[in-house]
>>> print(open('target-v9.txt').read())   # compact mmCIF, C-alpha atoms
# COMPACT_ATOMS: atom_id res chain seq x y z
CA MET A 174 112.83 85.83 -110.37
CA GLY A 175 112.91 87.71 -113.64
CA GLN A 176 116.32 86.28 -114.45
CA ALA A 177 115.15 82.78 -113.61
CA THR A 178 112.18 83.20 -115.93
CA ARG A 179 114.46 84.41 -118.70
CA ASN A 180 116.80 81.47 -118.13
CA ILE A 181 113.93 79.05 -118.31
CA ALA A 182 112.63 80.68 -121.46
CA ASN A 183 116.08 80.39 -123.06
CA SER A 184 115.95 76.66 -122.54
CA PHE A 185 113.14 76.36 -125.07
CA THR A 186 112.84 77.08 -128.74
CA THR A 187 110.06 79.35 -129.89
CA SER A 188 107.97 76.27 -130.55
CA GLY A 189 108.51 75.08 -127.00
CA VAL A 190 110.95 72.25 -127.66
CA ILE A 191 113.67 71.82 -125.05
CA THR A 192 117.06 72.96 -126.37
CA SER A 193 120.27 70.93 -126.12
CA SER A 194 121.63 73.18 -123.37
CA ALA A 195 118.60 72.57 -121.15
CA VAL A 196 119.28 68.92 -120.47
CA ASN A 197 122.60 67.54 -119.28
CA ASN A 198 123.87 64.48 -117.45
CA THR A 199 122.82 65.92 -114.10
CA SER A 200 119.29 66.46 -115.37
CA LEU A 201 118.90 62.73 -115.76
CA GLY A 202 120.80 61.79 -112.63
CA ASN A 203 117.74 60.40 -110.90
CA ILE A 204 116.74 58.10 -113.76
CA THR A 205 117.32 54.54 -112.69
CA ASP A 206 115.15 52.84 -115.25
CA LEU A 207 114.02 53.51 -118.78
CA SER A 208 111.01 51.69 -120.11
CA ALA A 209 112.60 51.50 -123.54
CA GLY A 210 116.05 50.87 -122.11
CA GLY A 211 118.08 47.75 -121.88
CA SER A 212 118.43 44.93 -119.47
CA LEU A 213 122.09 44.85 -118.57
CA ILE A 214 122.48 46.75 -115.33
CA LEU A 215 126.03 47.48 -114.24
CA LEU A 216 126.04 46.79 -110.51
CA SER A 217 129.69 46.94 -109.64
CA GLU A 218 133.12 47.24 -111.21
CA GLN A 219 136.40 46.44 -109.55
CA THR A 220 139.94 47.01 -110.73
CA ALA A 221 142.69 44.72 -109.55
CA SER A 222 145.98 46.06 -108.30
CA ALA A 223 148.16 43.31 -106.91
CA SER A 224 144.98 41.94 -105.33
CA SER A 225 144.93 38.51 -103.73
CA SER A 226 141.34 38.17 -104.95
CA ILE A 227 138.42 40.19 -106.29
CA SER A 228 135.20 39.69 -104.30
CA PHE A 229 131.61 40.80 -104.83
CA THR A 230 129.88 40.55 -101.46
CA SER A 231 126.85 42.74 -102.09
CA GLY A 232 124.27 43.08 -104.81
CA ILE A 233 123.83 39.35 -105.41
CA ASP A 234 120.25 38.66 -104.40
CA SER A 235 116.81 37.97 -105.83
CA THR A 236 116.69 41.28 -107.71
CA TYR A 237 117.98 39.52 -110.82
CA ASP A 238 117.62 35.96 -112.06
CA GLU A 239 120.87 36.15 -113.96
CA TYR A 240 124.20 37.84 -113.33
CA TRP A 241 127.00 38.42 -115.82
CA PHE A 242 130.64 38.94 -114.88
CA ILE A 243 132.89 40.46 -117.53
CA PHE A 244 136.62 39.87 -117.13
CA ASN A 245 138.88 42.30 -118.89
CA GLN A 246 142.62 41.64 -119.11
CA CYS A 247 143.03 39.82 -115.81
CA HIS A 248 146.76 39.42 -115.36
CA PRO A 249 148.48 37.20 -112.78
CA SER A 250 151.64 37.86 -110.84
CA ASN A 251 152.79 34.25 -110.99
CA ILE A 252 153.65 31.96 -113.85
CA GLY A 253 150.74 30.00 -115.31
CA PRO A 254 148.08 29.86 -112.57
CA ASN A 255 144.42 28.94 -113.02
CA PHE A 256 141.77 31.63 -112.79
CA ASP A 257 139.17 30.37 -110.30
CA PHE A 258 135.57 31.13 -109.34
CA HIS A 259 134.48 30.68 -105.71
CA THR A 260 131.05 31.19 -104.14
CA SER A 261 129.73 31.78 -100.64
CA THR A 262 126.41 31.29 -98.89
CA ASN A 263 127.31 33.49 -95.94
CA GLY A 264 128.11 36.86 -97.47
CA GLY A 265 131.74 36.03 -98.09
CA SER A 266 132.67 34.93 -94.58
CA SER A 267 133.77 31.70 -96.15
CA TYR A 268 133.94 30.21 -99.63
CA GLY A 269 133.79 26.56 -100.56
CA THR A 270 130.43 25.66 -102.07
CA THR A 271 130.43 22.16 -103.56
CA ALA A 272 130.59 22.19 -107.36
CA THR A 273 130.52 19.91 -110.38
CA SER A 274 131.72 21.26 -113.71
CA THR A 275 132.96 20.55 -117.22
CA PHE A 276 135.99 22.10 -118.86
CA PHE A 277 137.27 21.98 -122.41
CA VAL A 278 139.61 24.09 -124.44
CA ALA A 279 140.60 24.87 -128.00
CA TYR A 280 144.16 26.11 -128.36
CA GLN A 281 146.56 27.23 -131.02
CA GLY A 282 150.21 28.18 -130.66
CA GLU A 283 151.52 31.24 -132.42
CA GLY A 284 153.82 29.01 -134.41
CA GLY A 285 150.87 26.96 -135.59
CA ALA A 286 152.41 23.67 -134.48
CA SER A 287 150.24 22.99 -131.44
CA SER A 288 146.51 23.11 -131.93
CA ALA A 289 143.72 20.95 -130.56
CA LEU A 290 140.25 20.79 -129.08
CA THR A 291 140.20 18.69 -125.94
CA TYR A 292 138.37 18.00 -122.70
CA ASP A 293 140.62 18.76 -119.73
CA THR A 294 140.08 16.28 -116.90
CA GLY A 295 142.51 18.19 -114.74
CA ASN A 296 140.35 21.28 -114.60
CA ASP A 297 136.82 19.95 -114.24
CA GLU A 298 135.28 19.41 -110.80
CA ALA A 299 133.19 16.62 -109.30
CA GLN A 300 131.65 17.54 -105.98
CA THR A 301 134.67 19.52 -104.82
CA THR A 302 134.85 22.66 -102.69
CA VAL A 303 138.08 24.07 -104.10
CA GLY A 304 136.47 26.48 -106.55
CA VAL A 305 135.78 26.20 -110.27
CA THR A 306 138.45 26.87 -112.87
CA LEU A 307 137.31 29.29 -115.56
CA GLY A 308 140.64 29.67 -117.31
CA GLY A 309 144.20 30.75 -116.63
CA SER A 310 146.82 33.08 -117.96
CA GLY A 311 150.47 33.45 -118.65
CA TYR A 312 152.23 36.05 -116.51
CA LEU A 313 154.32 37.90 -119.06
CA ASN A 314 153.47 41.56 -119.29
CA ASP A 315 151.23 41.29 -122.34
CA GLU A 316 149.44 38.09 -121.27
CA SER A 317 146.03 38.03 -119.62
CA ALA A 318 142.60 36.43 -119.51
CA SER A 319 139.35 38.02 -120.71
CA GLY A 320 135.87 36.62 -120.98
CA ILE A 321 132.40 36.30 -119.55
CA LEU A 322 130.68 34.28 -116.84
CA LYS A 323 126.89 33.90 -116.68
CA PHE A 324 125.54 32.87 -113.28
CA TYR A 325 121.91 31.82 -112.93
CA ASN A 326 119.41 32.35 -110.13
CA PRO A 327 121.96 32.51 -107.29
CA SER A 328 119.37 33.41 -104.65
CA SER A 329 117.16 30.38 -105.32
CA THR A 330 116.46 28.17 -102.35
CA THR A 331 115.03 25.47 -104.64
CA TYR A 332 117.57 24.88 -107.39
CA VAL A 333 121.27 24.18 -107.71
CA LYS A 334 123.12 27.17 -109.20
CA HIS A 335 124.20 26.83 -112.83
CA PHE A 336 126.90 28.86 -114.54
CA ILE A 337 128.41 29.11 -118.03
CA SER A 338 131.69 30.76 -118.95
CA GLN A 339 133.91 31.35 -121.93
CA MET A 340 137.34 32.93 -121.75
CA SER A 341 140.03 33.88 -124.22
CA VAL A 342 143.43 33.43 -122.70
CA THR A 343 147.02 34.05 -123.64
CA HIS A 344 148.74 31.18 -121.98
CA GLY A 345 152.11 29.97 -123.02
CA ASN A 346 154.47 31.82 -120.76
CA TYR A 347 157.37 31.52 -123.17
CA THR A 348 155.81 30.00 -126.28
CA TYR A 349 152.60 32.06 -126.55
CA GLU A 350 149.39 30.23 -127.13
CA CYS A 351 145.81 31.32 -127.68
CA GLN A 352 143.27 29.38 -125.65
CA ASN A 353 139.49 29.46 -125.99
CA ILE A 354 138.23 27.96 -122.72
CA PHE A 355 134.70 26.73 -122.02
CA SER A 356 133.52 25.87 -118.54
CA ALA A 357 130.07 25.19 -117.14
CA GLY A 358 128.52 23.50 -114.16
CA TYR A 359 126.61 24.01 -110.99
CA PHE A 360 127.16 24.73 -107.35
CA ASN A 361 125.35 21.89 -105.67
CA THR A 362 123.46 23.80 -103.02
CA THR A 363 119.87 24.91 -102.54
CA SER A 364 121.03 27.68 -100.20
CA ALA A 365 121.16 31.18 -101.63
CA ILE A 366 124.58 32.23 -102.90
CA ASP A 367 125.21 35.84 -101.93
CA ALA A 368 128.90 36.43 -102.60
CA VAL A 369 131.47 35.41 -105.19
CA LYS A 370 135.23 35.64 -105.41
CA PHE A 371 137.73 35.42 -108.29
CA GLN A 372 141.40 34.73 -107.84
CA PHE A 373 144.38 33.07 -109.44
CA SER A 374 145.40 29.75 -107.96
CA ALA A 375 148.79 31.21 -107.12
CA GLY A 376 149.90 34.76 -106.54
CA ASN A 377 147.89 37.91 -107.06
CA VAL A 378 145.59 39.42 -109.64
CA ASP A 379 148.08 42.05 -110.66
CA ALA A 380 145.79 43.94 -112.99
CA GLY A 381 142.48 43.80 -114.79
CA THR A 382 138.86 44.74 -114.24
CA ILE A 383 135.82 42.69 -113.39
CA GLN A 384 132.30 44.04 -113.93
CA MET A 385 129.16 42.58 -112.43
CA PHE A 386 125.87 43.06 -114.30
CA GLY A 387 122.35 42.13 -113.36
CA VAL A 388 120.12 40.98 -116.21
CA LYS A 389 116.57 42.16 -115.72
CA MET B 264 109.00 85.80 -125.06
CA GLY B 265 105.29 85.44 -125.55
CA ALA B 266 105.77 82.94 -128.35
CA ASN B 267 108.18 80.93 -126.24
CA THR B 268 105.75 80.84 -123.35
CA ARG B 269 102.88 79.75 -125.55
CA GLY B 270 105.01 77.09 -127.22
CA PHE B 271 106.19 75.86 -123.88
CA ALA B 272 102.68 75.73 -122.47
CA ASN B 273 101.48 73.73 -125.44
CA LEU B 274 103.97 70.98 -124.61
CA LEU B 275 102.83 70.59 -121.04
CA ASN B 276 99.96 68.58 -119.66
CA THR B 277 97.68 70.34 -117.24
CA ASP B 278 99.49 68.55 -114.42
CA GLY B 279 102.77 70.02 -115.57
CA THR B 280 104.29 66.90 -117.06
CA PHE B 281 106.00 67.14 -120.43
CA LEU B 282 104.24 65.87 -123.52
CA SER B 283 106.30 63.57 -125.72
CA GLY B 284 106.97 66.36 -128.20
CA ALA B 285 108.83 68.45 -125.65
CA ILE B 286 112.04 66.48 -125.82
CA ASN B 287 113.51 65.29 -129.09
CA ASN B 288 116.90 64.01 -130.22
CA THR B 289 118.28 67.54 -130.38
CA SER B 290 117.12 68.22 -126.86
CA VAL B 291 119.26 65.41 -125.48
CA SER B 292 122.22 65.79 -127.81
CA GLY B 293 124.25 67.18 -124.93
CA ILE B 294 123.93 63.94 -122.97
CA THR B 295 127.12 61.96 -123.30
CA ASP B 296 126.55 59.57 -120.43
CA LEU B 297 123.58 58.00 -118.69
CA PRO B 298 123.29 56.90 -115.09
CA THR B 299 124.64 53.40 -114.65
CA ALA B 300 121.23 51.84 -114.16
CA ALA B 301 119.89 53.18 -117.44
CA LYS B 302 122.57 51.77 -119.75
CA SER B 303 122.19 48.76 -121.96
CA ASP B 304 121.81 47.40 -125.42
CA LEU B 305 119.83 44.29 -124.53
CA VAL B 306 116.20 45.31 -124.46
CA PRO B 307 113.87 43.18 -122.35
CA ASN B 308 110.65 42.30 -124.10
CA ILE B 309 108.64 39.70 -122.26
CA GLY B 310 109.01 36.96 -119.67
CA TYR B 311 107.17 33.68 -119.46
CA GLY B 312 106.81 31.97 -116.10
CA LEU B 313 106.31 28.27 -116.66
CA GLY B 314 103.74 26.19 -114.81
CA ASN B 315 102.95 22.78 -116.22
CA ASP B 316 102.66 24.10 -119.79
CA SER B 317 102.78 21.75 -122.76
CA ALA B 318 104.88 24.33 -124.62
CA MET B 319 105.87 27.98 -124.46
CA GLU B 320 105.15 29.82 -127.69
CA HIS B 321 106.52 33.25 -128.50
CA TYR B 322 105.20 35.19 -131.46
CA HIS B 323 104.75 38.79 -132.45
CA GLY B 324 101.89 40.19 -130.42
CA ALA B 325 101.99 37.48 -127.77
CA ARG B 326 100.48 38.25 -124.37
CA SER B 327 98.01 40.94 -125.41
CA GLY B 328 100.26 42.47 -128.02
CA VAL B 329 103.33 42.83 -125.81
CA GLY B 330 105.49 40.19 -127.44
CA VAL B 331 107.88 41.37 -130.16
CA PHE B 332 109.28 39.00 -132.77
CA ASP B 333 109.80 40.69 -136.10
CA GLY B 334 112.28 43.02 -137.77
CA THR B 335 112.34 45.39 -134.79
CA TYR B 336 115.60 43.81 -133.65
CA ASP B 337 118.40 42.18 -135.64
CA ALA B 338 118.85 39.52 -132.99
CA TYR B 339 116.69 37.96 -130.32
CA CYS B 340 117.96 36.29 -127.17
CA PHE B 341 115.87 33.79 -125.23
CA THR B 342 117.20 33.08 -121.74
CA PHE B 343 116.32 29.99 -119.74
CA THR B 344 116.38 29.97 -115.96
CA ASN B 345 115.87 26.61 -114.24
CA VAL B 346 113.53 25.23 -116.88
CA ARG B 347 112.47 21.84 -115.52
CA PRO B 348 110.39 19.05 -117.04
CA VAL B 349 107.56 17.13 -115.49
CA THR B 350 108.92 13.92 -117.01
CA ASP B 351 112.42 12.66 -116.23
CA ASN B 352 115.06 12.10 -118.91
CA VAL B 353 113.62 14.19 -121.74
CA GLU B 354 115.13 16.48 -124.35
CA PHE B 355 114.52 20.24 -124.13
CA GLN B 356 113.97 21.53 -127.66
CA TRP B 357 112.62 24.29 -129.84
CA GLY B 358 111.00 24.79 -133.23
CA ALA B 359 110.36 27.73 -135.53
CA SER B 360 107.34 28.85 -137.52
CA THR B 361 106.72 31.00 -140.58
CA ASN B 362 102.93 30.86 -140.18
CA ASN B 363 102.40 32.48 -136.78
CA GLY B 364 102.52 29.21 -134.91
CA SER B 365 100.20 27.07 -136.99
CA ASP B 366 103.13 24.67 -137.02
CA TYR B 367 106.76 24.79 -135.95
CA ALA B 368 108.26 22.80 -138.80
CA VAL B 369 110.78 25.12 -140.43
CA VAL B 370 113.55 23.02 -141.99
CA LYS B 371 116.91 23.33 -140.28
CA THR B 372 120.47 22.01 -140.34
CA THR B 373 122.44 21.97 -137.08
CA THR B 374 125.60 20.94 -135.28
CA VAL B 375 125.58 19.61 -131.70
CA PHE B 376 128.41 18.95 -129.28
CA ASP B 377 128.56 18.79 -125.51
CA ALA B 378 130.77 18.28 -122.49
CA GLY B 379 129.54 16.24 -119.54
CA ASN B 380 130.82 15.41 -116.10
CA ASN B 381 129.03 13.63 -113.30
CA GLU B 382 129.39 13.98 -109.56
CA SER B 383 131.75 10.98 -109.50
CA ASP B 384 134.03 12.67 -112.04
CA SER B 385 133.17 10.53 -115.03
CA ASN B 386 133.29 12.80 -118.06
CA ASN B 387 132.71 12.79 -121.77
CA PHE B 388 133.10 15.29 -124.55
CA GLY B 389 132.32 15.18 -128.20
CA TYR B 390 130.17 15.78 -131.24
CA ASP B 391 126.75 14.13 -131.06
CA THR B 392 125.84 12.71 -134.45
CA GLY B 393 122.58 11.42 -133.04
CA ALA B 394 121.34 14.86 -132.17
CA ASP B 395 122.30 17.04 -135.12
CA LEU B 396 119.77 17.69 -137.87
CA THR B 397 120.14 17.69 -141.64
CA GLN B 398 117.39 19.48 -143.50
CA SER B 399 114.96 18.34 -140.87
CA SER B 400 111.64 19.83 -139.81
CA SER B 401 111.95 18.18 -136.39
CA TYR B 402 112.36 20.19 -133.22
CA CYS B 403 115.97 21.10 -132.43
CA ARG B 404 117.81 20.00 -129.28
CA ILE B 405 118.72 22.53 -126.62
CA ALA B 406 119.56 20.13 -123.78
CA ARG B 407 119.71 16.34 -123.55
CA ASN B 408 118.24 13.88 -121.03
CA VAL B 409 117.04 16.61 -118.68
CA SER B 410 116.37 15.57 -115.10
CA SER B 411 113.06 16.27 -113.39
CA ASP B 412 114.55 16.35 -109.88
CA SER B 413 113.14 19.25 -107.91
CA ASP B 414 116.47 21.11 -107.69
CA HIS B 415 117.49 20.55 -111.33
CA GLY B 416 116.85 22.45 -114.54
CA VAL B 417 118.17 24.03 -117.74
CA CYS B 418 119.93 27.41 -117.65
CA GLY B 419 121.33 29.22 -120.68
CA GLU B 420 120.35 31.04 -123.82
CA LEU B 421 119.35 30.81 -127.47
CA TRP B 422 120.18 33.54 -129.99
CA ILE B 423 118.34 33.83 -133.32
CA PHE B 424 119.46 36.33 -135.94
CA ASP B 425 117.60 38.39 -138.51
CA VAL B 426 114.32 36.50 -138.15
CA ALA B 427 112.41 38.84 -140.45
CA SER B 428 114.78 38.55 -143.36
CA THR B 429 113.26 37.51 -146.68
CA THR B 430 116.70 37.17 -148.23
CA HIS B 431 118.79 35.08 -145.88
CA VAL B 432 118.48 31.85 -143.96
CA LYS B 433 118.19 32.42 -140.20
CA HIS B 434 121.22 31.50 -138.14
CA PHE B 435 121.02 30.60 -134.46
CA TYR B 436 123.03 29.13 -131.63
CA SER B 437 122.30 27.97 -128.10
CA VAL B 438 124.45 27.17 -125.10
CA VAL B 439 123.07 25.77 -121.86
CA SER B 440 124.13 24.20 -118.60
CA ALA B 441 121.78 21.43 -117.46
CA ASN B 442 121.44 18.43 -115.18
CA ASP B 443 120.74 15.10 -116.80
CA ARG B 444 118.96 12.07 -115.35
CA LEU B 445 122.22 10.64 -113.90
CA ASP B 446 123.24 13.80 -112.03
CA ARG B 447 125.54 14.62 -114.90
CA GLU B 448 126.34 18.23 -115.71
CA TYR B 449 126.04 18.86 -119.44
CA LYS B 450 127.11 21.95 -121.28
CA THR B 451 125.52 21.70 -124.70
CA PHE B 452 126.33 23.76 -127.79
CA VAL B 453 123.97 23.81 -130.74
CA ALA B 454 124.27 26.00 -133.82
CA GLY B 455 122.71 26.01 -137.23
CA TYR B 456 120.31 27.76 -139.51
CA LEU B 457 116.63 27.74 -140.31
CA ASN B 458 116.77 27.07 -144.03
CA THR B 459 114.11 29.47 -145.16
CA THR B 460 114.06 32.88 -146.77
CA THR B 461 110.57 33.45 -145.43
CA ALA B 462 110.31 35.57 -142.30
CA VAL B 463 110.20 33.51 -139.12
CA ASN B 464 107.46 34.87 -136.86
CA ALA B 465 107.11 32.41 -133.98
CA VAL B 466 109.08 29.94 -131.92
CA ALA B 467 108.03 27.26 -129.46
CA PHE B 468 109.89 25.57 -126.62
CA ARG B 469 108.94 22.18 -125.24
CA PHE B 470 110.22 18.95 -123.77
CA ALA B 471 110.14 15.93 -126.07
CA SER B 472 107.69 14.30 -123.69
CA GLY B 473 105.59 15.75 -120.91
CA ASN B 474 105.09 19.32 -119.84
CA LEU B 475 107.26 22.26 -118.82
CA SER B 476 106.99 22.14 -115.04
CA THR B 477 108.69 25.28 -113.70
CA GLY B 478 111.21 27.93 -114.65
CA ASN B 479 111.36 31.11 -116.69
CA ILE B 480 111.98 31.98 -120.32
CA ARG B 481 112.68 35.60 -121.10
CA VAL B 482 112.93 37.31 -124.47
CA TYR B 483 115.29 40.17 -125.31
CA GLY B 484 115.98 42.19 -128.42
CA LEU B 485 119.46 43.42 -129.24
CA LYS B 486 119.43 47.05 -130.26
>>> encode(input="target-v9.txt", output="structure tokens")
Amino acid sequence: MGQATRNIANSFTTSGVITSSAVNNTSLGNITDLSAGGSLILLSEQTASASSSISFTSGIDSTYDEYWFIFNQCHPSNIGPNFDFHTSTNGGSSYGTTATSTFFVAYQGEGGASSALTYDTGNDEAQTTVGVTLGGSGYLNDESASGILKFYNPSSTTYVKHFISQMSVTHGNYTYECQNIFSAGYFNTTSAIDAVKFQFSAGNVDAGTIQMFGVK
Amino acid sequence: MGANTRGFANLLNTDGTFLSGAINNTSVSGITDLPTAAKSDLVPNIGYGLGNDSAMEHYHGARSGVGVFDGTYDAYCFTFTNVRPVTDNVEFQWGASTNNGSDYAVVKTTTVFDAGNNESDSNNFGYDTGADLTQSSSYCRIARNVSSDSDHGVCGELWIFDVASTTHVKHFYSVVSANDRLDREYKTFVAGYLNTTTAVNAVAFRFASGNLSTGNIRVYGLK
């Protein structure tokens, strides 16, 4: 007991302030909320490794009105596939929620010869169940797709479910091209969406990380 | 030891909880990581649940002093979740004030473009010369032709930078996904600046006609 008292005393300065050695990461391990803290709550992070898809089948509920998904260097195994977003209303047992979306892209080749801003009718959706295209990527070793998806009020049983995404993509396969891709739309259901899945339209997600945040 | 004990005791409440002076920046200098749930740089300030309101006004001190809108943060983010109008086919818009909400007529210049696609796959994309503003005190578009259907609404965000500056104009941008009156999905991009070097201290959101029916608007500060 005497030792414990001395240890405790050594954790304070003579004026009673807690010293740096008295508080460490473990000390704060039970803190799950800070009143002065932020609003982006990291709920889950997954790293791809020759994965056919990356799914988030828990944590999507009424706790948060808005969810953010951060894509970091998602790299496909196959040449030039789309990077697609799928949703489920049954915990991931099946995917195929009807969606309508817009899709446009600004691109610039490394040689400077090919640049444009254009709507892409081949990658928007109109009441389809095939998933929503967020972007794509070349498959060479240094090519990938990174960006952010914001998904609104997925647990609502009143509203359709809106989303907004923007991705920066290296997509040229042999010519190298920078693409800035903008997609947005809604899943046309008033059922709660409780699971999402990301995958390339062909082959695997060879590498990359996807983080899911709740916005409180 | 006696001095330490007395100092320690003076930083405790009678119930044993620490007073604020017990832990300072030096105390926590050994912390290099926080639990996952405690991390973030986007600080929530206040949320407004909408219920047939003519407008939603946010100003410093709103809601019994809780609202923050001054130089505390360099950037403010307003998020919209399923904001729905009472009246069909109306523009969702915002205005800024330098006089604590007496009026929302700060002059602004903006750009507007959008991409639309309907459920029959008819799409359009382009700059909207009818919606941009040039040195105008009018309210600024956020979303066009918003539908009042019960399952529709506006979702997205508006960022405003350096609102308290007395040197610079105040830049902003918004991006939203919304349903229009013809079941068309519209992703709308607006950017511009409030052309004033006076501090902006209030903003208001409204539909061009009719009330805000339902939805949420939340305010965050970026630290």
>>> residues_near_point(input="target-v9.txt", point="(118.9, 34.9, -105.9)", cutoff="12 Å", atoms="all atoms listed in the file", output="MDAnalysis selection string")
(chainID A and resid 231:240 262 324:335 363:368 387) or (chainID B and resid 344)
>>> atom_distance(input="target-v9.txt", atom1="atom CA of A:Ser200", atom2="atom CA of A:Phe185")
15.2 Å
>>> closest_residue(input="target-v9.txt", among="B:Phe435, B:Phe332, B:Tyr456, B:Phe355", to="B:Trp422", atoms="only C-alpha atoms")
B:Phe435
>>> interface_residues(input="target-v9.txt", of="chain B", to="chain A", cutoff="7 Å", atoms="all atoms listed in the file", output="PyMOL selection string")
chain B and resi 266-267+270-271+274+285-286+289-294+296-307+344+378-384+388+414-415+418+440+448+450
>>> atom_distance(input="target-v9.txt", atom1="atom CA of A:Ala279", atom2="atom CA of B:Gly389")
12.7 Å
>>> closest_residue(input="target-v9.txt", among="B:Arg404, B:Arg347, B:His321, B:Arg447", to="B:Phe376", atoms="all atoms listed in the file")
B:Arg404
>>> atom_distance(input="target-v9.txt", atom1="atom CA of B:Lys433", atom2="atom CA of B:Ser365")
19.0 Å
>>> residues_around(input="target-v9.txt", residues="B:Asp443", least_positions_apart="3", cutoff="9 Å", atoms="all atoms listed in the file", output="VMD selection string")
chain B and resid 351 to 353 406 to 411 415 to 416 446 to 449
>>> closest_residue(input="target-v9.txt", among="A:Thr306, A:Thr260, A:Ser338, A:Gln372", to="A:Phe242", atoms="all atoms listed in the file")
A:Ser338
>>> residues_around(input="target-v9.txt", residues="A:Gly285", least_positions_apart="4", cutoff="10 Å", atoms="all atoms listed in the file", output="JSON, numbers by chain")
{"A": [280, 281, 350]}
>>> axis_aligned_box(input="target-v9.txt", around="stretch 367-380 of chain B", padding_each_side="8 Å", output="AutoDock Vina command-line options")
--center_x 118.8 --center_y 20.3 --center_z -129.0 --size_x 40.1 --size_y 25.7 --size_z 41.9
>>> closest_residue(input="target-v9.txt", among="A:Ser287, A:Asn263, A:Thr178, A:Ser310", to="A:Ala380", atoms="all atoms listed in the file")
A:Ser310
>>> residues_near_point(input="target-v9.txt", point="(145.2, 36.7, -126.5)", cutoff="8 Å", atoms="only C-alpha atoms", output="PyMOL selection string")
chain A and resi 316-318+341-344+350-352
>>> closest_residue(input="target-v9.txt", among="A:Ser224, A:Thr302, A:Gln219, A:Asn377", to="A:Gly253", atoms="only C-alpha atoms")
A:Asn377
>>> residues_around(input="target-v9.txt", residues="A:Thr382", least_positions_apart="3", cutoff="12 Å", atoms="all atoms listed in the file", output="PyMOL selection string")
chain A and resi 217-224+226-228+242-248+317-321+371+378-379+385
>>> residues_around(input="target-v9.txt", residues="B:Gly358", least_positions_apart="5", cutoff="6 Å", atoms="all atoms listed in the file", output="list in words")
Tyr367, Tyr402, Val466 and Ala467 of chain B
